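So this block is my_file09.cif, mmCIF, C-alpha atoms:
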```cif
data_entry
#
loop_
_atom_site.label_atom_id
_atom_site.label_comp_id
_atom_site.auth_asym_id
_atom_site.auth_seq_id
_atom_site.Cartn_x
_atom_site.Cartn_y
_atom_site.Cartn_z
CA MET A 1 2.43 14.11 19.05
CA LYS A 2 5.77 15.80 18.33
CA PRO A 3 5.96 19.61 17.94
CA LEU A 4 5.57 20.83 14.36
CA VAL A 5 9.06 22.34 14.28
CA ASP A 6 10.59 18.92 15.13
CA LEU A 7 8.58 17.25 12.38
CA PHE A 8 9.87 19.75 9.81
CA ARG A 9 13.43 18.99 11.02
CA GLU A 10 12.78 15.27 10.57
CA CYS A 11 11.57 15.87 7.01
CA ASP A 12 14.71 17.91 6.27
CA ALA A 13 16.92 15.04 7.48
CA HIS A 14 15.08 12.55 5.26
CA ARG A 15 15.26 14.89 2.26
CA LEU A 16 19.01 15.37 2.74
CA ALA A 17 19.57 11.58 2.82
CA LEU A 18 17.36 11.21 -0.28
CA ALA A 19 19.36 13.87 -2.14
CA GLU A 20 22.62 12.12 -1.17
CA ALA A 21 21.30 8.75 -2.39
CA MET A 22 20.05 10.25 -5.66
CA ALA A 23 23.42 11.96 -6.25
CA ARG A 24 25.12 8.55 -6.08
CA CYS A 25 22.66 6.95 -8.51
CA PRO A 26 23.47 6.62 -12.22
CA ARG A 27 20.91 8.61 -14.23
CA PRO A 28 18.79 7.90 -16.06
CA LEU A 29 18.34 4.46 -14.57
CA SER A 30 17.65 1.67 -17.04
CA ALA A 31 17.07 -2.07 -16.92
CA GLU A 32 20.76 -2.60 -17.77
CA HIS A 33 21.75 -1.18 -14.38
CA PHE A 34 20.04 -4.18 -12.76
CA ALA A 35 21.34 -6.82 -15.16
CA VAL A 36 24.44 -7.47 -13.06
CA ARG A 37 24.39 -7.16 -9.27
CA ASN A 38 26.09 -3.95 -8.19
CA PRO A 39 26.48 -3.82 -4.37
CA ASP A 40 26.98 -0.02 -4.32
CA LEU A 41 23.79 0.53 -6.30
CA VAL A 42 21.87 -1.89 -4.06
CA ALA A 43 23.05 0.00 -0.93
CA THR A 44 22.21 3.36 -2.51
CA LEU A 45 18.72 2.25 -3.51
CA ASP A 46 18.12 0.71 -0.07
CA GLN A 47 18.94 4.10 1.46
CA PHE A 48 16.66 5.78 -1.05
CA ALA A 49 13.71 3.43 -0.41
CA TYR A 50 14.12 3.65 3.37
CA ARG A 51 14.19 7.45 3.43
CA PHE A 52 11.40 7.73 0.85
CA ALA A 53 9.22 5.64 3.17
CA LYS A 54 10.26 7.62 6.26
CA LEU A 55 9.53 10.98 4.61
CA GLN A 56 6.18 9.73 3.30
CA ASP A 57 5.29 8.32 6.74
CA THR A 58 6.35 11.43 8.68
CA LEU A 59 4.20 13.58 6.43
CA SER A 60 1.19 11.21 6.25
CA THR A 61 1.00 10.07 9.82
CA GLN A 62 2.31 13.06 11.79
CA LEU A 63 3.07 16.33 10.05
CA PHE A 64 -0.21 16.74 8.12
CA ARG A 65 -2.23 16.35 11.32
CA ARG A 66 -0.01 18.62 13.45
CA PHE A 67 -0.03 21.24 10.67
CA ALA A 68 -3.83 21.14 10.33
CA VAL A 69 -4.24 21.64 14.07
CA ASP A 70 -1.46 24.18 14.73
CA ALA A 71 -1.33 26.22 11.52
CA LEU A 72 -4.89 25.92 10.18
CA ALA A 73 -6.64 25.69 13.56
CA GLU A 74 -8.72 22.79 12.24
CA PRO A 75 -10.20 20.26 14.71
CA ALA A 76 -8.21 17.42 13.11
CA GLU A 77 -6.71 15.73 16.21
CA ALA A 78 -8.53 12.46 15.50
CA ALA A 79 -9.42 12.85 11.81
CA PRO A 80 -8.82 9.85 9.53
CA VAL A 81 -5.87 10.29 7.15
CA VAL A 82 -8.19 10.48 4.13
CA ASP A 83 -9.95 13.48 5.72
CA LEU A 84 -6.60 15.17 6.33
CA LEU A 85 -5.66 14.69 2.67
CA ASN A 86 -8.96 16.18 1.52
CA LEU A 87 -8.47 19.10 3.91
CA LEU A 88 -4.98 19.84 2.54
CA GLU A 89 -6.32 19.58 -0.99
CA ARG A 90 -9.11 22.03 -0.17
CA TYR A 91 -6.59 24.53 1.21
CA GLY A 92 -4.49 24.11 -1.94
CA PHE A 93 -1.43 22.54 -0.29
CA LEU A 94 -1.89 19.20 -2.08
CA PRO A 95 -2.61 19.23 -5.84
CA SER A 96 -4.94 16.26 -5.25
CA SER A 97 -5.47 13.73 -2.49
CA MET A 98 -5.36 10.97 -5.15
CA ARG A 99 -1.85 12.05 -6.19
CA TRP A 100 -0.77 11.64 -2.57
CA GLN A 101 -2.26 8.12 -2.63
CA GLU A 102 -0.08 7.40 -5.69
CA ILE A 103 3.03 8.55 -3.81
CA ARG A 104 1.91 6.32 -0.92
CA GLN A 105 1.61 3.37 -3.31
CA MET A 106 5.11 4.08 -4.61
CA ARG A 107 6.34 3.94 -1.02
CA ASN A 108 4.73 0.51 -0.61
CA GLN A 109 5.99 -0.82 -3.92
CA ILE A 110 9.66 0.18 -3.55
CA THR A 111 9.91 -0.90 0.11
CA HIS A 112 8.20 -4.28 -0.12
CA GLU A 113 10.60 -5.64 -2.72
CA TYR A 114 7.64 -5.78 -4.99
CA ALA A 115 7.90 -8.33 -7.79
CA MET A 116 9.10 -5.97 -10.51
CA THR A 117 11.08 -6.72 -13.63
CA PRO A 118 14.37 -4.76 -14.01
CA ALA A 119 12.63 -2.56 -16.61
CA GLU A 120 9.75 -1.82 -14.21
CA LEU A 121 12.16 -1.12 -11.36
CA ALA A 122 14.05 1.44 -13.46
CA VAL A 123 10.80 3.21 -14.47
CA ALA A 124 9.47 3.11 -10.90
CA LEU A 125 12.65 4.63 -9.45
CA GLU A 126 12.74 7.45 -12.00
CA LEU A 127 9.11 8.25 -11.07
CA ALA A 128 10.04 8.04 -7.39
CA PHE A 129 12.90 10.53 -7.91
CA ALA A 130 10.37 13.00 -9.34
CA MET A 131 8.07 12.35 -6.37
CA VAL A 132 10.89 13.36 -3.99
CA GLY A 133 10.78 16.77 -5.70
CA GLU A 134 7.00 16.94 -5.24
CA MET A 135 7.29 16.06 -1.56
CA GLY A 136 10.05 18.66 -1.14
CA ASP A 137 7.87 21.36 -2.72
CA LEU A 138 5.00 20.34 -0.45
CA VAL A 139 7.19 20.59 2.66
CA GLY A 140 8.25 24.07 1.48
CA ARG A 141 4.64 25.23 1.07
CA LEU A 142 3.62 23.84 4.45
CA ARG A 143 6.63 25.42 6.17
CA GLU A 144 5.91 28.86 4.68
CA ALA A 145 2.28 28.65 5.79
CA ALA A 146 3.28 27.44 9.25
CA ILE A 147 5.60 30.46 9.63
CA ARG A 148 2.88 32.81 8.33
CA HIS A 149 0.41 31.43 10.90
CA ARG A 150 3.10 31.64 13.61
CA ALA A 151 2.89 27.92 14.27
CA ILE A 152 6.72 27.67 13.99
CA PRO A 153 9.42 30.34 14.36
CA ALA A 154 10.67 32.03 11.18
CA MET B 1 -12.94 -16.81 -5.09
CA ARG B 2 -12.71 -15.15 -1.70
CA LEU B 3 -13.54 -11.50 -2.40
CA THR B 4 -16.53 -9.52 -1.18
CA GLN B 5 -18.88 -8.03 -3.74
CA ASN B 6 -17.58 -4.59 -2.78
CA GLU B 7 -13.98 -5.69 -3.38
CA ARG B 8 -14.86 -7.25 -6.73
CA ASP B 9 -16.69 -4.10 -7.87
CA ALA B 10 -13.80 -1.84 -6.82
CA ILE B 11 -11.16 -4.06 -8.49
CA ARG B 12 -13.15 -4.43 -11.72
CA GLU B 13 -13.89 -0.71 -12.01
CA ALA B 14 -10.34 0.38 -11.17
CA GLY B 15 -9.04 -2.14 -13.76
CA LEU B 16 -11.31 -0.72 -16.43
CA HIS B 17 -10.40 2.87 -15.49
CA HIS B 18 -6.64 2.45 -15.57
CA PHE B 19 -5.92 -0.55 -17.82
CA GLY B 20 -9.11 -0.97 -19.82
CA VAL B 21 -9.31 -4.63 -18.79
CA THR B 22 -10.95 -6.70 -16.06
CA PRO B 23 -8.21 -7.74 -13.61
CA LYS B 24 -7.76 -11.43 -12.82
CA LEU B 25 -7.28 -13.03 -9.42
CA PHE B 26 -4.67 -15.67 -8.67
CA GLY B 27 -2.99 -17.14 -5.61
CA SER B 28 -4.50 -18.07 -2.25
CA ARG B 29 -7.67 -16.01 -2.66
CA LEU B 30 -8.82 -18.43 -5.36
CA ASP B 31 -8.95 -21.15 -2.73
CA ASP B 32 -12.34 -21.01 -1.04
CA ALA B 33 -11.13 -23.25 1.78
CA ALA B 34 -8.17 -21.01 2.75
CA ARG B 35 -8.32 -17.97 5.06
CA GLY B 36 -6.90 -14.46 4.84
CA GLY B 37 -3.92 -13.85 2.59
CA ASP B 38 -2.89 -11.08 0.20
CA ILE B 39 -4.98 -10.22 -2.82
CA ASP B 40 -2.90 -11.16 -5.88
CA LEU B 41 -4.11 -9.54 -9.08
CA PHE B 42 -2.93 -10.12 -12.62
CA ILE B 43 -3.36 -7.64 -15.48
CA PRO B 44 -3.19 -9.51 -18.80
CA GLY B 45 -1.79 -7.93 -21.94
CA ALA B 46 1.60 -6.81 -23.23
CA TRP B 47 2.37 -3.71 -21.18
CA PRO B 48 5.77 -2.01 -21.53
CA ALA B 49 7.26 -0.93 -18.19
CA THR B 50 6.74 2.75 -19.04
CA GLU B 51 2.97 2.05 -19.14
CA ALA B 52 2.73 -0.68 -16.50
CA VAL B 53 4.34 1.25 -13.64
CA PRO B 54 2.36 4.53 -13.68
CA ARG B 55 -0.92 2.72 -14.47
CA ARG B 56 -0.37 0.32 -11.58
CA LEU B 57 0.25 3.28 -9.22
CA ARG B 58 -3.04 4.91 -10.23
CA PHE B 59 -4.87 1.57 -10.06
CA CYS B 60 -3.56 0.86 -6.54
CA ALA B 61 -4.25 4.45 -5.43
CA GLU B 62 -7.89 4.13 -6.48
CA LEU B 63 -8.21 0.80 -4.66
CA ALA B 64 -6.62 2.25 -1.52
CA ALA B 65 -9.02 5.18 -1.62
CA ARG B 66 -12.04 2.84 -2.03
CA LEU B 67 -11.07 -0.15 0.10
CA GLY B 68 -8.60 1.34 2.58
CA GLU B 69 -4.99 0.22 2.79
CA ARG B 70 -4.92 -3.50 1.96
CA LYS B 71 -2.15 -5.83 0.95
CA ILE B 72 -2.80 -6.02 -2.79
CA ASP B 73 -0.07 -7.19 -5.18
CA VAL B 74 -0.55 -6.39 -8.84
CA LEU B 75 1.37 -8.27 -11.51
CA VAL B 76 1.22 -6.61 -14.93
CA ASP B 77 1.99 -8.87 -17.89
CA ASP B 78 4.63 -7.47 -20.24
CA GLY B 79 3.77 -10.21 -22.74
CA GLN B 80 7.35 -11.47 -23.04
CA SER B 81 9.03 -12.18 -19.70
CA SER B 82 8.83 -15.64 -18.20
CA ASN B 83 9.29 -16.55 -14.56
CA ALA B 84 7.60 -18.79 -12.02
CA ILE B 85 5.04 -16.29 -10.76
CA LEU B 86 4.09 -15.10 -14.26
CA SER B 87 3.59 -18.72 -15.38
CA VAL B 88 1.28 -19.39 -12.42
CA ALA B 89 -0.68 -16.18 -13.01
CA ARG B 90 -1.06 -16.75 -16.75
CA ALA B 91 -2.23 -20.34 -16.17
CA GLN B 92 -4.57 -20.06 -13.20
CA ALA B 93 -5.85 -16.47 -12.93
CA GLU B 94 -9.63 -16.00 -13.12
CA ALA B 95 -11.47 -12.81 -14.03
CA VAL B 96 -12.62 -10.93 -10.91
#
```

In structure tokens, how does this file's structure come out?
Amino acid sequence: MKPLVDLFRECDAHRLALAEAMARCPRPLSAEHFAVRNPDLVATLDQFAYRFAKLQDTLSTQLFRRFAVDALAEPAEAAPVVDLLNLLERYGFLPSSMRWQEIRQMRNQITHEYAMTPAELAVALELAFAMVGEMGDLVGRLREAAIRHRAIPA
Amino acid sequence: MRLTQNERDAIREAGLHHFGVTPKLFGSRLDDAARGGDIDLFIPGAWPATEAVPRRLRFCAELAARLGERKIDVLVDDGQSSNAILSVARAQAEAV
């Protein structure tokens, strides 16, 4: 498993790429934006979906576990992901483990070219933009706690 | 219909919780002779995108929490669009 400090750096790189993609996106998105193929928008949204998935994966599959072990001193080396989510909810880092599952479902739906109508796609992406903010806040809370517990340098 | 009792219970309850309807099954899982395959679900009604998208997220999140991560595709009827997959779902889907 990678050191916690490297995982935070990875998250920062994904968040930067997400912010760059969102800055290039027309807002608010609507079904009309998908009525005619726009190659720049397609490329921007591909970047967004890819980095959304990477950030979600880095947090779900690596950072949560490393944080629980290094910062919270929990015996979570081999815990199932659902147990990690419940643990982070109990400590107050996640508002609810079910909300994290919703963000996970968003990751699956925007990366698997899910059969969505243009109207659904526009709604889904606006929700996903808000979820980027939630994931950013979460990373901030975890980083502060990791510094406080001396699991990463200040 | 190739779904376990546990899968049927989870799908039915999540459908009632988040859409107020019993989801329908379509696609390869209706074929008792086939093997494997995604679970294709259809939510009947006339759902605007602003309702369909967040409800589907919560529906899928509940299923993932109960059944583990599975390949489940959920088509929500908006009551007006027409395309090949919607036509198939509207015609052949059976209540779970």

**OP:** Could you please select, counting all atoms listed in the file, the residues of chain A within 6 Å of chain B and state them as JSON, numbers by chain?
**Re:** {"A": [101, 102, 119, 120]}

Residue subset to file, keeping C-alpha atoms, as a PDB file, in the frame of the given file:
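Now in again-v1.pdb:
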```pdb
ATOM      1  CA  GLN A 101      -2.260   8.120  -2.630  1.00  0.00           C
ATOM      2  CA  GLU A 102      -0.080   7.400  -5.690  1.00  0.00           C
ATOM      3  CA  ALA A 119      12.630  -2.560 -16.610  1.00  0.00           C
ATOM      4  CA  GLU A 120       9.750  -1.820 -14.210  1.00  0.00           C
TER       5      GLU A 120
END
```

Original post:
Got a sec to resolve the PyMOL selection byres ((chain A and resi 63) around 12) on this structure and send the residues as a PyMOL selection string?
Top reply: chain A and resi 1-11+54-62+64-71+76-77+81+84-85+88+138-139+142-143+146

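Taking CA of Ala49 in chain A as the reference point, CA of His112 in chain A is found at 9.5 Å.
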
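Straight-line separation from CA of Thr22 in chain B to CA of Ile110 in chain A: 25.1 Å.
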
As lines of an AutoDock Vina configuration file, please: the centre and edge lengths in Å, to one decimal, of an axis-aligned box enclosing every listed atom of range 26-42 of chain A with 3 Å added on each side.
```
center_x = 22.0
center_y = 0.6
center_z = -10.9
size_x = 15.9
size_y = 22.1
size_z = 19.7
```

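For the pair CA of Arg51 in chain A and CA of His14 in chain A, the separation is 5.5 Å.
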
Original post:
Quick one: residues within 10 Å of Glu7 in chain B, all atoms listed in the file counted, chain neighbours fewer than 6 positions away excluded, as a list in words?
Top reply: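 Here the qualifying residues turn out to be Glu13, Leu63, Arg66, Leu67 and Val96 of chain B.
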
**OP:** Using all atoms listed in the file, collect all residues at a distance of at most 8 Å from (-2.8, -11.2, -11.3) as written in the file, then present them as a ChimeraX atom specification.
**Re:** /B:23-26,40-44,73-76,89-90,93

Subject >> Residue contacts of Met22 in chain A (8 Å, only C-alpha atoms) excluding same-chain residues fewer than 2 positions away, as a PyMOL selection string >> reply: chain A and resi 18-20+24-25+44+48+129
